[in-house]
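Q: Let me give you the structure first, and then I'll get to my questions.
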Amino acid sequence: MLMDRLDGNLRYHAETVDHLDIGSIYYLQALAELHYYLKTEHGFSPAEVKALLYFEDPLEAVFHCKEENTHAGRFPVCEILEEINAYGRFKKMPEFPQLYQKHRELKRRLTQDLEEYKEQILTGDRDMLLKDIRLMGAAFEAYDFMMDSYEPRMGEVDFLLQFEKPLRVIRDYWGYDSVLVGEDAIKVLIGEQCAMQKQEPRPESLKERLLKAGQEVKAQPGTDKDVRGPRHAEKSF
């Protein structure tokens, strides 16, 4: 079971590596070398197997054990896990395997979406990039939250997996004011999208109210200023 988990962890890191960041590529290389050592040389004790299976990503946990090992000539995994506070630093394996697999798939899609976005930024028109600069910030902030801080719920994960490019959907609801970040952005996104799918009447969203207000002010004689601000400028992605 542990070997299967280690294999899955390495494949996941390979699928989600930032191909434009050399540090991320080196990290993947280090994980691959450690993975090979664990499968071919390290003799796991039953206690080590049990301890590592606690973690969602045992390969990441044992990697930090290796990096922070202060025991000369020894690699006592269980002792090091305690010494580096691994149980407080790294996520535990979810109780529901189905949710775990779906969450992994969501992360994979988010990473793929971000990679495509980075390519778009590198090859995009300069004026368009300047126009979308705040939107770019929202995309990267949303990605970091979803990868590192988001606590998955089955209904939310299932909903986001409906989209081929879920990061683009989340991004459009991210940071329109100081409230709509993190879990709040996800809740508003899902609430509004579900309402639209069911074709049920719903109150105007904050984004809609701001856009409407800006259009009304611009329509007044002598007014040519965009009151929405750069975050609400028209955008394409």
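Simple scheme: letters A, B, ... for chains in structure tokens order, numbers from 1 for residues in each chain, numbers from 1 for ligands in the order shown.
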Mind checking DSSP for region 9-150 of chain A and telling me the helix (DSSP H, G or I) residues as a ChimeraX atom specification?

A: /A:9-16,22-40,46-52,58-67,77-83,86-89,97-123,126-131,133-148

Q: Using only C-alpha atoms, determine which residues lie at most 9 Å from region 21-30 of chain A, disregarding the query and same-chain residues fewer than 5 positions distant; provide the list as number ranges by chain.

A: A: 10, 13-14, 35, 63

Q: What would the file look like if the residues just selected were written as a PDB file, in the first residue's frame with all heavy atoms?

A:
ATOM      1  N   LEU A  10       4.507  10.523  -6.664  1.00  0.00           N
ATOM      2  CA  LEU A  10       5.480  10.967  -7.664  1.00  0.00           C
ATOM      3  C   LEU A  10       4.789  11.344  -8.969  1.00  0.00           C
ATOM      4  O   LEU A  10       5.127  12.361  -9.589  1.00  0.00           O
ATOM      5  CB  LEU A  10       6.520   9.876  -7.905  1.00  0.00           C
ATOM      6  CG  LEU A  10       7.659  10.255  -8.865  1.00  0.00           C
ATOM      7  CD1 LEU A  10       8.419  11.470  -8.351  1.00  0.00           C
ATOM      8  CD2 LEU A  10       8.601   9.075  -9.087  1.00  0.00           C
ATOM      9  N   HIS A  13       3.180  14.786  -8.523  1.00  0.00           N
ATOM     10  CA  HIS A  13       4.141  15.894  -8.577  1.00  0.00           C
ATOM     11  C   HIS A  13       4.643  16.111  -9.995  1.00  0.00           C
ATOM     12  O   HIS A  13       4.906  17.255 -10.399  1.00  0.00           O
ATOM     13  CB  HIS A  13       5.309  15.620  -7.626  1.00  0.00           C
ATOM     14  CG  HIS A  13       4.965  15.811  -6.184  1.00  0.00           C
ATOM     15  ND1 HIS A  13       4.778  17.060  -5.613  1.00  0.00           N
ATOM     16  CD2 HIS A  13       4.759  14.909  -5.183  1.00  0.00           C
ATOM     17  CE1 HIS A  13       4.480  16.924  -4.333  1.00  0.00           C
ATOM     18  NE2 HIS A  13       4.455  15.631  -4.044  1.00  0.00           N
ATOM     19  N   ALA A  14       4.786  15.038 -10.756  1.00  0.00           N
ATOM     20  CA  ALA A  14       5.218  15.177 -12.149  1.00  0.00           C
ATOM     21  C   ALA A  14       4.157  15.886 -12.986  1.00  0.00           C
ATOM     22  O   ALA A  14       4.475  16.685 -13.875  1.00  0.00           O
ATOM     23  CB  ALA A  14       5.526  13.802 -12.743  1.00  0.00           C
ATOM     24  N   HIS A  35      12.373   8.713  -4.309  1.00  0.00           N
ATOM     25  CA  HIS A  35      11.417   7.646  -4.605  1.00  0.00           C
ATOM     26  C   HIS A  35      12.164   6.367  -4.998  1.00  0.00           C
ATOM     27  O   HIS A  35      11.828   5.258  -4.534  1.00  0.00           O
ATOM     28  CB  HIS A  35      10.481   8.106  -5.719  1.00  0.00           C
ATOM     29  CG  HIS A  35       9.505   7.070  -6.176  1.00  0.00           C
ATOM     30  ND1 HIS A  35       9.797   6.147  -7.172  1.00  0.00           N
ATOM     31  CD2 HIS A  35       8.233   6.803  -5.785  1.00  0.00           C
ATOM     32  CE1 HIS A  35       8.766   5.365  -7.368  1.00  0.00           C
ATOM     33  NE2 HIS A  35       7.792   5.735  -6.541  1.00  0.00           N
ATOM     34  N   PHE A  63      10.551  13.163   2.290  1.00  0.00           N
ATOM     35  CA  PHE A  63      11.544  14.053   1.685  1.00  0.00           C
ATOM     36  C   PHE A  63      12.052  15.056   2.710  1.00  0.00           C
ATOM     37  O   PHE A  63      13.260  15.312   2.818  1.00  0.00           O
ATOM     38  CB  PHE A  63      10.947  14.793   0.483  1.00  0.00           C
ATOM     39  CG  PHE A  63      11.851  15.857  -0.081  1.00  0.00           C
ATOM     40  CD1 PHE A  63      12.889  15.523  -0.933  1.00  0.00           C
ATOM     41  CD2 PHE A  63      11.671  17.192   0.253  1.00  0.00           C
ATOM     42  CE1 PHE A  63      13.734  16.501  -1.449  1.00  0.00           C
ATOM     43  CE2 PHE A  63      12.511  18.176  -0.254  1.00  0.00           C
ATOM     44  CZ  PHE A  63      13.546  17.830  -1.104  1.00  0.00           C
TER      45      PHE A  63
END

Q: Looking at A:Leu53, A:Leu167, A:Ala61, A:Met136, which one is nearest to Arg108 (chain A), with distances taken over only C-alpha atoms?

A: A:Leu167

Q: Kindly give the distance, in Å, that separates CA of Arg153 (chain A) and CA of Ala138 (chain A), rounded to a single decimal.

A: 22.2 Å

Q: One number please: CA of Tyr54 (chain A) to CA of Lys92 (chain A), in Å, one decimal.

A: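 For CA of Tyr54 (chain A) relative to CA of Lys92 (chain A), the distance reads 5.6 Å.
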